[in-house]
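Beneath this line is the structure, given in structure tokens, with notes to follow.
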Amino acid sequence: QVMAVNRATKAVPQVAQNAVESNVTLEVANDESQIPDIISRLELPMVELDLFDEGERMQIAMALDDALLNAMIHGNLEVSSELRQSDNGTPYVNMIAERKEQAPYRDRKVTIKLEATSEEIIFIIRDDGPGFDAAALRDPTDPENIERAGGRGLLLINAFMDEVSHNEVGNEIRMRKRKVTGNGEESNDSDE
């Protein structure tokens, strides 16, 4: 999925070189097949603002992929990662398909907000689910949990982004990535 992101950003219109900031808000259904197109749309401001190199954009795309999947599957559809542990994940796949057809799950949306300047980008991804306690997640690097499904996505997100936080309810993730300046330091153009 992540490789498809690069195809959409090869040709940036000449006028895009004049961009100084970008704000995008998307509201999407629980359809994981849309994720590559969503990520492609979210990558355009990074290209226009010359924020990151291709490798950094790929890492951001991987973080977005995990955050969007978490919001759709675990947030809105309330399907537990634990279901992947049994019967080759069949119960997990089946419950996702069932919940996509059942109320209230099918009516829930994922809202994605992007705020970008030439110095940084912030993504806010919020689902309509009940939320979760981020502090209660098992450490995926603990040898006891190494074979278990779940938790690796958040580990990856934290590895690729500069700041990651959740709201109190646990149905919103905020991810920030700053541009590294020529001297190797992160830009410090923050309002917060």
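Residue numbering restarts at 1 in every chain; chains get A, B, ... in the order shown in the structure tokens, and ligands count up from 1 in that same order.
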Item to complete: Write out as a ChimeraX atom specification all residues of segment 16-115 of chain A that backbone DSSP assigns to alpha helix (DSSP H).
Response: /A:35-48,54-69,90-99
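Proximity to Met161 of chain A at 7 Å, evaluated using only C-alpha atoms and with sequence-adjacent residues fewer than 2 positions away removed, yields Ile157, Asn158, Ala159, Glu163, Val164, Met175, Arg176 and Lys177 of chain A.
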Export of prior selection with all heavy atoms as an mmCIF file, in the first residue's frame:
data_model
loop_
_atom_site.group_PDB
_atom_site.id
_atom_site.type_symbol
_atom_site.label_atom_id
_atom_site.label_comp_id
_atom_site.auth_asym_id
_atom_site.auth_seq_id
_atom_site.Cartn_x
_atom_site.Cartn_y
_atom_site.Cartn_z
ATOM 1 N N ILE A 157 4.710 4.000 14.828
ATOM 2 C CA ILE A 157 4.310 5.412 14.756
ATOM 3 C C ILE A 157 5.234 6.254 15.625
ATOM 4 O O ILE A 157 5.738 7.296 15.191
ATOM 5 C CB ILE A 157 2.833 5.578 15.186
ATOM 6 C CG1 ILE A 157 1.903 4.982 14.127
ATOM 7 C CG2 ILE A 157 2.502 7.051 15.437
ATOM 8 C CD1 ILE A 157 0.454 4.834 14.572
ATOM 9 N N ASN A 158 5.487 5.803 16.847
ATOM 10 C CA ASN A 158 6.364 6.553 17.747
ATOM 11 C C ASN A 158 7.798 6.603 17.229
ATOM 12 O O ASN A 158 8.503 7.585 17.466
ATOM 13 C CB ASN A 158 6.322 5.958 19.159
ATOM 14 C CG ASN A 158 5.113 6.424 19.925
ATOM 15 O OD1 ASN A 158 5.031 7.572 20.341
ATOM 16 N ND2 ASN A 158 4.142 5.544 20.094
ATOM 17 N N ALA A 159 8.237 5.583 16.526
ATOM 18 C CA ALA A 159 9.597 5.562 15.985
ATOM 19 C C ALA A 159 9.749 6.554 14.833
ATOM 20 O O ALA A 159 10.813 7.166 14.678
ATOM 21 C CB ALA A 159 9.952 4.152 15.514
ATOM 22 N N GLU A 163 6.597 13.584 17.702
ATOM 23 C CA GLU A 163 5.705 13.652 18.863
ATOM 24 C C GLU A 163 4.438 12.885 18.537
ATOM 25 O O GLU A 163 3.888 13.022 17.450
ATOM 26 C CB GLU A 163 5.322 15.101 19.188
ATOM 27 C CG GLU A 163 6.452 15.964 19.680
ATOM 28 C CD GLU A 163 6.015 17.418 19.870
ATOM 29 O OE1 GLU A 163 4.794 17.670 20.031
ATOM 30 O OE2 GLU A 163 6.899 18.283 19.831
ATOM 31 N N VAL A 164 3.985 12.101 19.508
ATOM 32 C CA VAL A 164 2.738 11.349 19.358
ATOM 33 C C VAL A 164 1.978 11.451 20.669
ATOM 34 O O VAL A 164 2.539 11.246 21.739
ATOM 35 C CB VAL A 164 3.013 9.855 19.044
ATOM 36 C CG1 VAL A 164 1.707 9.074 18.946
ATOM 37 C CG2 VAL A 164 3.832 9.713 17.769
ATOM 38 N N MET A 175 -0.021 13.384 15.674
ATOM 39 C CA MET A 175 1.355 13.049 15.298
ATOM 40 C C MET A 175 2.016 14.275 14.676
ATOM 41 O O MET A 175 1.437 14.897 13.790
ATOM 42 C CB MET A 175 1.367 11.897 14.292
ATOM 43 C CG MET A 175 0.618 10.667 14.769
ATOM 44 S SD MET A 175 0.593 9.306 13.558
ATOM 45 C CE MET A 175 -0.380 10.018 12.228
ATOM 46 N N ARG A 176 3.214 14.573 15.126
ATOM 47 C CA ARG A 176 3.949 15.727 14.607
ATOM 48 C C ARG A 176 5.310 15.273 14.102
ATOM 49 O O ARG A 176 5.995 14.489 14.737
ATOM 50 C CB ARG A 176 4.146 16.769 15.698
ATOM 51 C CG ARG A 176 5.071 17.914 15.271
ATOM 52 C CD ARG A 176 5.300 18.892 16.379
ATOM 53 N NE ARG A 176 4.180 19.812 16.372
ATOM 54 C CZ ARG A 176 3.958 20.719 17.312
ATOM 55 N NH1 ARG A 176 4.749 20.816 18.354
ATOM 56 N NH2 ARG A 176 2.927 21.531 17.225
ATOM 57 N N LYS A 177 5.690 15.812 12.945
ATOM 58 C CA LYS A 177 7.022 15.574 12.379
ATOM 59 C C LYS A 177 7.584 16.924 11.961
ATOM 60 O O LYS A 177 6.959 17.670 11.228
ATOM 61 C CB LYS A 177 6.923 14.634 11.172
ATOM 62 C CG LYS A 177 8.242 14.298 10.534
ATOM 63 C CD LYS A 177 8.988 13.291 11.344
ATOM 64 C CE LYS A 177 10.218 12.797 10.594
ATOM 65 N NZ LYS A 177 11.019 11.912 11.435
#
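Nearest to Asp50 of chain A of all the residues A:Ile35, A:Thr25, A:His166, A:Ala116 is A:Ala116, based on only C-alpha atoms.
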Practice prompt. In Å, rounded to a single decimal, give me how far atom CA of Glu115 of chain A is from atom CA of Ile73 of chain A.
Written response: 24.5 Å
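Here atom CA of Glu43 of chain A is placed at a distance of 14.8 Å from atom CA of Glu119 of chain A.
Reported to one decimal place, the separation of atom CA of Ser118 of chain A from atom CA of Gln59 of chain A is 18.1 Å.
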Item to complete: May I ask which of the residues A:Ile39, A:Met72, A:Ala67, A:Leu51 is the closest one to Gly129 of chain A, counting only C-alpha atoms?
Response: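 The closest residue to Gly129 of chain A is A:Met72.
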Item to complete: Just the residues within 12 Å of segment 126-128 of chain A, please, counting only C-alpha atoms, with nothing from its chain fewer than 5 positions along; format it as a VMD selection string.
Response: chain A and resid 25 to 30 67 to 78 104 to 114 165 to 167 169 to 175
